[in-house]
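Worksheet: one structure, shown below.
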Amino acid sequence: MGSLFRSEEMNLAQLYLQTDSSYFCVAALGELGLVQFRDLNTDVNAFQRKYVDEVRRCDDMQRIIRIMEKEVHQTEIQVPENEEVIDAPPPAEMMELEAQFKQLEAELSDANINKERLNRNLLELTELKHILRQTGNFFAEAESAMMHSSDQLGGNDETALLIDVHSSGNTSLS
């Protein structure tokens with residue numbers, strides 16, 4: 001099998017293909033890995049080309065695959081390497097693949113949104129747990145201080161409460 005290095009011997013050829021068979025011919029040539037295509041219509045705007053929609057759809061699928069790869073690497077999921085060359089799917093299967101990719105992208109987006117919400121809820125609940133602990137500690141300390149002052153005076157809880165109110169400068173009981 002040859003390669004596309006500069007020192008490799010090459011031939012320039014121009015192919016004219018029928019529209020119906022062009023996809024399958026280009027797919028077969030691409031699977032061989034021995035062909036390099038050169039754009040002979042450089043003066044034509046990208047939006048005026050014949051297969052712009054198909055190229056745009058392939059670019060969108062490639063973008064989705066990159067997003068999924070990034071997510072797989074971030075979550076450290078082990079994916080076995082595939083050494084086998086996969087044939088280019090027929091156009092009908094490309095439409096199915098595109099629909100599956102869009103569905104997976106939507107599911108991944110929903111999963112990421114849910115993960116962010118869960119993390120935010122975890123932080124809020126952790127904060128509330130900490131507040132409840134501190135509040136519990138505060139009331140436990142206040143109760144023990146009240147019991148301690150009650151024991152020193154030999155009275156009951158109402159006496160300690162009256163002394164507490166009187167010491168704070170508030171002389172009215174309401």
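The way I read the labels, and the way they are meant: chains A, B, ... in the order of the structure tokens, residue 1 as the first residue of every chain, and ligand 1 as the first ligand shown, with later ones counted on from there.
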Could you give me, as JSON, numbers by chain, the residues within 12 Å of Asp20 (chain A), counting only C-alpha atoms and dropping anything in the same chain fewer than 5 positions from it?
{"A": [25, 26, 91]}
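Atom to atom, CA of Ala99 (chain A) and CA of Tyr51 (chain A) stand 19.1 Å apart.
As for CA of Asp87 (chain A) and CA of Met61 (chain A), they are spaced 16.6 Å apart.
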When you draw a straight line from CA of Glu93 (chain A) to CA of Ala111 (chain A), how long is it in Å?
26.4 Å
Per DSSP on the backbone, filter chain A down to the residues in helix (DSSP H, G or I) and report them as a ChimeraX atom specification.
/A:19-32,46-48,52-74,91-153,157-167
